Amino acid sequence: MTKIHRAVFPAAGLGTRFLPATKAQPKEMLPLVDKPIIQYAVEEAVASGIDSLVIVTGRGKNSIEDHFDIAFELETILRERNKSHLLKLVRSIPDMIPICYIRQKEALGLGHAVLTARDLINKEPFAVLLGDDVIVSNPPCIRQMMDIYEEYQTSVVAIMEVPGEETDRYGIIKGRPLPKSDGRLFEVQDMVEKPSIETAPSNLAIIGRYILTPSIFDELEETGKGSGGEIQLTDGLRRLMAKQRVLAYKFDGKRHDAGDKLGFLKATVEFALDNEELGSAFRSYLKSLDIHNP
């Protein structure tokens, strides 16, 4: 039985929805309370049993590499000042998991970002995690999907139900529920990128977690530029479906869209309330606000 050992993190996007904050820093490094967004997804991969990561970066993304590297000067200062708790916290980041980096030299879409990692995947099935989607779940979302893969040995995409008026923000699937899956696992019959409410085949939206077989690389290589002049992963998956079964899994957990300003603010509030150090004081502060006045 083939298992999943590697994960790909596309992180080369321009982050235009957060300008001007992302003019000089990657959106993946925006802090969600006390961690950069991307670290939540990396921790999810580690907790799921992933052995190594490939982070696809681009121009201006050096701070991602710096964050997951050893910071000798900072560690020395913390050691000299006997700040052992902070030293342990900082040192735990580069110790989490081996990471390779590769550059996507042109911003040609998610499908192209995944294709860029081809030579580092070594013809094995692999996971893809998008840092914009911060998911709270136990077991971790990608672990749930790895379990599905280990049973069915085929590609799996994560899905969630969305309101009909939001289908034009996602890839939407048409699927057939599999028996004895409690309505959580579907065989994908079609998928459409950002359809209108009138043309959407369902309200089941693909979100940023995937388990993919290495066959996806050949399909992406043959996929032309689609929506927005980019190589869409959805288009590659549709080609793959003609040759292999693709499953969709309605994961157990809560997803935060940290790639959207409002979603980022909501996630910040919820994570701050759950924070052991800040939660109580932050909850008191929120209660003190006069939110009824405009």
# chains A, B, ... in the order shown; residues from 1 in each chain; ligands from 1
call {"tool": "select_by_dssp", "arguments": {"residues": "stretch 59-274 of chain A", "states": "strand (DSSP E)", "output": "MDAnalysis selection string"}}
result
chainID A and resid 99:103 126:129 133:136 155:161 171:177 185:193 204:212 246:250 254:257
call {"tool": "write_last_selection", "arguments": {"atoms": "C-alpha atoms", "output": "compact mmCIF listing (two decimals), in the first residue's frame"}}
result
# COMPACT_ATOMS: atom_id res chain seq x y z
CA ILE A 99 11.67 21.65 3.88
CA CYS A 100 12.78 22.09 0.26
CA TYR A 101 12.09 25.28 -1.69
CA ILE A 102 11.56 25.79 -5.38
CA ARG A 103 10.64 28.97 -7.26
CA PHE A 126 1.49 13.70 -2.31
CA ALA A 127 -0.59 16.21 -0.37
CA VAL A 128 -1.21 19.84 -1.30
CA LEU A 129 -2.07 22.37 1.40
CA ASP A 133 -7.19 27.87 4.37
CA VAL A 134 -6.60 27.51 8.09
CA ILE A 135 -8.53 24.47 9.31
CA VAL A 136 -9.28 23.56 12.90
CA SER A 155 -6.81 11.31 -5.60
CA VAL A 156 -8.95 13.08 -3.00
CA VAL A 157 -10.08 16.72 -2.79
CA ALA A 158 -11.49 18.36 0.33
CA ILE A 159 -14.96 19.88 0.03
CA MET A 160 -17.39 21.85 2.15
CA GLU A 161 -20.92 23.12 1.68
CA GLY A 171 -14.36 25.16 -7.74
CA ILE A 172 -17.65 23.25 -7.40
CA ILE A 173 -18.08 19.50 -7.82
CA LYS A 174 -20.83 17.30 -9.15
CA GLY A 175 -20.55 14.06 -7.21
CA ARG A 176 -22.15 10.72 -6.47
CA PRO A 177 -22.21 9.83 -2.74
CA LEU A 185 -17.42 10.86 0.52
CA PHE A 186 -18.27 11.36 -3.14
CA GLU A 187 -17.03 10.07 -6.48
CA VAL A 188 -16.47 13.21 -8.54
CA GLN A 189 -18.33 13.24 -11.84
CA ASP A 190 -17.46 16.80 -12.84
CA MET A 191 -16.00 19.99 -11.41
CA VAL A 192 -16.50 23.57 -12.54
CA GLU A 193 -14.30 26.56 -11.70
CA LEU A 204 -20.05 21.45 -2.62
CA ALA A 205 -16.95 23.60 -2.91
CA ILE A 206 -13.33 22.46 -3.21
CA ILE A 207 -11.10 24.03 -0.58
CA GLY A 208 -7.34 24.07 -0.15
CA ARG A 209 -6.51 20.48 0.75
CA TYR A 210 -5.71 17.80 -1.84
CA ILE A 211 -4.22 14.32 -2.05
CA LEU A 212 -2.95 13.78 -5.60
CA VAL A 246 -11.18 11.21 -8.11
CA LEU A 247 -12.92 11.37 -4.74
CA ALA A 248 -14.22 14.36 -2.79
CA TYR A 249 -14.32 14.29 1.00
CA LYS A 250 -16.47 16.51 3.20
CA LYS A 254 -13.93 24.31 10.65
CA ARG A 255 -12.25 26.17 7.82
CA HIS A 256 -11.15 29.82 8.04
CA ASP A 257 -10.52 31.71 4.79
call {"tool": "closest_atom_pairs", "arguments": {"of": "stretch 134-252 of chain A", "to": "stretch 42-62 of chain A", "cutoff": "9 Å", "atoms": "only C-alpha atoms", "output": "Markdown table"}}
result
| residue | atom | partner | partner_atom | distance |
| --- | --- | --- | --- | --- |
| A:Ile135 | CA | A:Glu44 | CA | 8.4 |
| A:Pro139 | CA | A:Ser48 | CA | 7.8 |
| A:Pro140 | CA | A:Glu44 | CA | 6.0 |
| A:Cys141 | CA | A:Glu44 | CA | 7.7 |
| A:Ile142 | CA | A:Ser48 | CA | 6.5 |
| A:Arg143 | CA | A:Ser48 | CA | 4.7 |
| A:Gln144 | CA | A:Ser48 | CA | 8.4 |
| A:Met146 | CA | A:Ser48 | CA | 8.2 |
call {"tool": "atom_distance", "arguments": {"atom1": "atom CA of A:Glu165", "atom2": "atom CA of A:Pro201"}}
result
13.0 Å
call {"tool": "atom_distance", "arguments": {"atom1": "atom CA of A:Tyr285", "atom2": "atom CA of A:Pro31"}}
result
20.2 Å
call {"tool": "closest_residue", "arguments": {"among": "A:Ala7, A:Ser284, A:Ile291, A:Val33", "to": "A:Thr268", "atoms": "only C-alpha atoms"}}
result
A:Val33
call {"tool": "residues_around", "arguments": {"residues": "A:Pro195", "least_positions_apart": "5", "cutoff": "8 Å", "atoms": "only C-alpha atoms", "output": "mmCIF file with C-alpha atoms, in the first residue's frame"}}
result
data_model
loop_
_atom_site.group_PDB
_atom_site.id
_atom_site.type_symbol
_atom_site.label_atom_id
_atom_site.label_comp_id
_atom_site.auth_asym_id
_atom_site.auth_seq_id
_atom_site.Cartn_x
_atom_site.Cartn_y
_atom_site.Cartn_z
ATOM 1 C CA THR A 167 -20.364 29.253 -5.653
ATOM 2 C CA ASP A 168 -18.670 31.776 -7.960
ATOM 3 C CA ARG A 169 -15.752 31.933 -5.485
ATOM 4 C CA TYR A 170 -14.837 28.230 -5.627
ATOM 5 C CA GLY A 171 -14.364 25.160 -7.740
ATOM 6 C CA ILE A 172 -17.652 23.250 -7.405
ATOM 7 C CA ALA A 200 -23.334 25.405 -10.338
#
call {"tool": "select_by_dssp", "arguments": {"residues": "stretch 176-247 of chain A", "states": "alpha helix (DSSP H)", "output": "number ranges by chain"}}
result
A: 215-222, 233-241
call {"tool": "atom_distance", "arguments": {"atom1": "atom CA of A:Ala21", "atom2": "atom CA of A:Asp69"}}
result
23.3 Å
call {"tool": "closest_residue", "arguments": {"among": "A:Lys123, A:His112, A:Lys287, A:Arg238", "to": "A:Ser215", "atoms": "only C-alpha atoms"}}
result
A:Lys123
call {"tool": "residues_around", "arguments": {"residues": "A:Asp95", "least_positions_apart": "2", "cutoff": "9 Å", "atoms": "only C-alpha atoms", "output": "PyMOL selection string"}}
result
chain A and resi 68-70+91-93+97-98
call {"tool": "decode", "arguments": {"residues": "stretch 155-193 of chain A", "atoms": "N, CA and C atoms", "output": "PDB file, in the first residue's frame"}}
result
ATOM      1  N   SER A 155      -6.837   9.892  -5.975  1.00  0.00           N
ATOM      2  CA  SER A 155      -6.813  11.308  -5.598  1.00  0.00           C
ATOM      3  C   SER A 155      -8.063  11.702  -4.814  1.00  0.00           C
ATOM      4  N   VAL A 156      -7.867  12.620  -3.859  1.00  0.00           N
ATOM      5  CA  VAL A 156      -8.954  13.082  -3.000  1.00  0.00           C
ATOM      6  C   VAL A 156      -8.877  14.604  -2.887  1.00  0.00           C
ATOM      7  N   VAL A 157     -10.021  15.275  -3.034  1.00  0.00           N
ATOM      8  CA  VAL A 157     -10.081  16.720  -2.794  1.00  0.00           C
ATOM      9  C   VAL A 157     -10.983  16.974  -1.598  1.00  0.00           C
ATOM     10  N   ALA A 158     -10.660  17.995  -0.816  1.00  0.00           N
ATOM     11  CA  ALA A 158     -11.491  18.360   0.329  1.00  0.00           C
ATOM     12  C   ALA A 158     -12.620  19.267  -0.142  1.00  0.00           C
ATOM     13  N   ILE A 159     -13.814  19.050   0.397  1.00  0.00           N
ATOM     14  CA  ILE A 159     -14.962  19.876   0.028  1.00  0.00           C
ATOM     15  C   ILE A 159     -15.713  20.318   1.277  1.00  0.00           C
ATOM     16  N   MET A 160     -16.500  21.374   1.108  1.00  0.00           N
ATOM     17  CA  MET A 160     -17.394  21.852   2.152  1.00  0.00           C
ATOM     18  C   MET A 160     -18.614  22.460   1.484  1.00  0.00           C
ATOM     19  N   GLU A 161     -19.718  22.489   2.195  1.00  0.00           N
ATOM     20  CA  GLU A 161     -20.921  23.123   1.679  1.00  0.00           C
ATOM     21  C   GLU A 161     -20.787  24.639   1.811  1.00  0.00           C
ATOM     22  N   VAL A 162     -21.214  25.360   0.756  1.00  0.00           N
ATOM     23  CA  VAL A 162     -21.190  26.819   0.779  1.00  0.00           C
ATOM     24  C   VAL A 162     -22.567  27.336   0.362  1.00  0.00           C
ATOM     25  N   PRO A 163     -22.934  28.556   0.771  1.00  0.00           N
ATOM     26  CA  PRO A 163     -24.198  29.136   0.303  1.00  0.00           C
ATOM     27  C   PRO A 163     -24.207  29.260  -1.222  1.00  0.00           C
ATOM     28  N   GLY A 164     -25.378  29.114  -1.825  1.00  0.00           N
ATOM     29  CA  GLY A 164     -25.488  29.157  -3.278  1.00  0.00           C
ATOM     30  C   GLY A 164     -24.902  30.406  -3.896  1.00  0.00           C
ATOM     31  N   GLU A 165     -25.043  31.546  -3.210  1.00  0.00           N
ATOM     32  CA  GLU A 165     -24.537  32.809  -3.774  1.00  0.00           C
ATOM     33  C   GLU A 165     -23.015  32.909  -3.730  1.00  0.00           C
ATOM     34  N   GLU A 166     -22.344  31.935  -3.102  1.00  0.00           N
ATOM     35  CA  GLU A 166     -20.883  31.977  -3.029  1.00  0.00           C
ATOM     36  C   GLU A 166     -20.204  30.972  -3.955  1.00  0.00           C
ATOM     37  N   THR A 167     -20.974  30.265  -4.785  1.00  0.00           N
ATOM     38  CA  THR A 167     -20.364  29.253  -5.653  1.00  0.00           C
ATOM     39  C   THR A 167     -19.385  29.862  -6.646  1.00  0.00           C
ATOM     40  N   ASP A 168     -19.562  31.144  -6.983  1.00  0.00           N
ATOM     41  CA  ASP A 168     -18.670  31.776  -7.960  1.00  0.00           C
ATOM     42  C   ASP A 168     -17.309  32.136  -7.365  1.00  0.00           C
ATOM     43  N   ARG A 169     -17.055  31.710  -6.119  1.00  0.00           N
ATOM     44  CA  ARG A 169     -15.752  31.933  -5.485  1.00  0.00           C
ATOM     45  C   ARG A 169     -14.915  30.660  -5.405  1.00  0.00           C
ATOM     46  N   TYR A 170     -15.488  29.525  -5.837  1.00  0.00           N
ATOM     47  CA  TYR A 170     -14.837  28.230  -5.627  1.00  0.00           C
ATOM     48  C   TYR A 170     -14.919  27.348  -6.870  1.00  0.00           C
ATOM     49  N   GLY A 171     -14.117  26.273  -6.853  1.00  0.00           N
ATOM     50  CA  GLY A 171     -14.364  25.160  -7.740  1.00  0.00           C
ATOM     51  C   GLY A 171     -15.469  24.317  -7.120  1.00  0.00           C
ATOM     52  N   ILE A 172     -16.484  23.964  -7.903  1.00  0.00           N
ATOM     53  CA  ILE A 172     -17.652  23.250  -7.405  1.00  0.00           C
ATOM     54  C   ILE A 172     -17.719  21.877  -8.066  1.00  0.00           C
ATOM     55  N   ILE A 173     -18.039  20.855  -7.273  1.00  0.00           N
ATOM     56  CA  ILE A 173     -18.085  19.501  -7.824  1.00  0.00           C
ATOM     57  C   ILE A 173     -19.521  19.046  -8.075  1.00  0.00           C
ATOM     58  N   LYS A 174     -19.641  18.140  -9.013  1.00  0.00           N
ATOM     59  CA  LYS A 174     -20.830  17.298  -9.146  1.00  0.00           C
ATOM     60  C   LYS A 174     -20.377  15.913  -8.727  1.00  0.00           C
ATOM     61  N   GLY A 175     -21.043  15.323  -7.731  1.00  0.00           N
ATOM     62  CA  GLY A 175     -20.548  14.060  -7.209  1.00  0.00           C
ATOM     63  C   GLY A 175     -21.645  13.068  -6.878  1.00  0.00           C
ATOM     64  N   ARG A 176     -21.256  11.813  -6.846  1.00  0.00           N
ATOM     65  CA  ARG A 176     -22.154  10.722  -6.466  1.00  0.00           C
ATOM     66  C   ARG A 176     -21.719  10.214  -5.096  1.00  0.00           C
ATOM     67  N   PRO A 177     -22.600  10.296  -4.086  1.00  0.00           N
ATOM     68  CA  PRO A 177     -22.209   9.829  -2.741  1.00  0.00           C
ATOM     69  C   PRO A 177     -21.868   8.339  -2.763  1.00  0.00           C
ATOM     70  N   LEU A 178     -20.798   7.977  -2.085  1.00  0.00           N
ATOM     71  CA  LEU A 178     -20.433   6.567  -1.987  1.00  0.00           C
ATOM     72  C   LEU A 178     -21.227   5.898  -0.869  1.00  0.00           C
ATOM     73  N   PRO A 179     -21.585   4.641  -1.048  1.00  0.00           N
ATOM     74  CA  PRO A 179     -22.344   3.933  -0.014  1.00  0.00           C
ATOM     75  C   PRO A 179     -21.569   3.864   1.301  1.00  0.00           C
ATOM     76  N   LYS A 180     -22.303   3.879   2.397  1.00  0.00           N
ATOM     77  CA  LYS A 180     -21.741   3.710   3.741  1.00  0.00           C
ATOM     78  C   LYS A 180     -20.703   4.775   4.093  1.00  0.00           C
ATOM     79  N   SER A 181     -20.870   5.985   3.536  1.00  0.00           N
ATOM     80  CA  SER A 181     -19.936   7.067   3.850  1.00  0.00           C
ATOM     81  C   SER A 181     -20.609   8.198   4.609  1.00  0.00           C
ATOM     82  N   ASP A 182     -21.868   7.991   5.018  1.00  0.00           N
ATOM     83  CA  ASP A 182     -22.616   9.015   5.760  1.00  0.00           C
ATOM     84  C   ASP A 182     -22.698  10.335   5.013  1.00  0.00           C
ATOM     85  N   GLY A 183     -22.689  10.278   3.691  1.00  0.00           N
ATOM     86  CA  GLY A 183     -22.797  11.492   2.894  1.00  0.00           C
ATOM     87  C   GLY A 183     -21.557  12.364   2.923  1.00  0.00           C
ATOM     88  N   ARG A 184     -20.405  11.800   3.315  1.00  0.00           N
ATOM     89  CA  ARG A 184     -19.172  12.594   3.414  1.00  0.00           C
ATOM     90  C   ARG A 184     -18.207  12.337   2.267  1.00  0.00           C
ATOM     91  N   LEU A 185     -18.367  11.226   1.570  1.00  0.00           N
ATOM     92  CA  LEU A 185     -17.417  10.858   0.520  1.00  0.00           C
ATOM     93  C   LEU A 185     -18.166  10.700  -0.804  1.00  0.00           C
ATOM     94  N   PHE A 186     -17.618  11.333  -1.847  1.00  0.00           N
ATOM     95  CA  PHE A 186     -18.274  11.358  -3.145  1.00  0.00           C
ATOM     96  C   PHE A 186     -17.285  10.935  -4.229  1.00  0.00           C
ATOM     97  N   GLU A 187     -17.799  10.257  -5.251  1.00  0.00           N
ATOM     98  CA  GLU A 187     -17.028  10.074  -6.480  1.00  0.00           C
ATOM     99  C   GLU A 187     -17.329  11.261  -7.375  1.00  0.00           C
ATOM    100  N   VAL A 188     -16.285  11.981  -7.765  1.00  0.00           N
ATOM    101  CA  VAL A 188     -16.472  13.211  -8.539  1.00  0.00           C
ATOM    102  C   VAL A 188     -16.818  12.851  -9.982  1.00  0.00           C
ATOM    103  N   GLN A 189     -17.914  13.431 -10.456  1.00  0.00           N
ATOM    104  CA  GLN A 189     -18.334  13.236 -11.842  1.00  0.00           C
ATOM    105  C   GLN A 189     -17.971  14.426 -12.720  1.00  0.00           C
ATOM    106  N   ASP A 190     -17.876  15.600 -12.108  1.00  0.00           N
ATOM    107  CA  ASP A 190     -17.461  16.802 -12.837  1.00  0.00           C
ATOM    108  C   ASP A 190     -17.075  17.851 -11.811  1.00  0.00           C
ATOM    109  N   MET A 191     -16.314  18.838 -12.244  1.00  0.00           N
ATOM    110  CA  MET A 191     -15.997  19.989 -11.408  1.00  0.00           C
ATOM    111  C   MET A 191     -15.908  21.229 -12.286  1.00  0.00           C
ATOM    112  N   VAL A 192     -16.416  22.330 -11.773  1.00  0.00           N
ATOM    113  CA  VAL A 192     -16.503  23.574 -12.540  1.00  0.00           C
ATOM    114  C   VAL A 192     -15.847  24.679 -11.729  1.00  0.00           C
ATOM    115  N   GLU A 193     -15.011  25.474 -12.383  1.00  0.00           N
ATOM    116  CA  GLU A 193     -14.302  26.556 -11.700  1.00  0.00           C
ATOM    117  C   GLU A 193     -15.183  27.798 -11.614  1.00  0.00           C
TER     118      GLU A 193
END
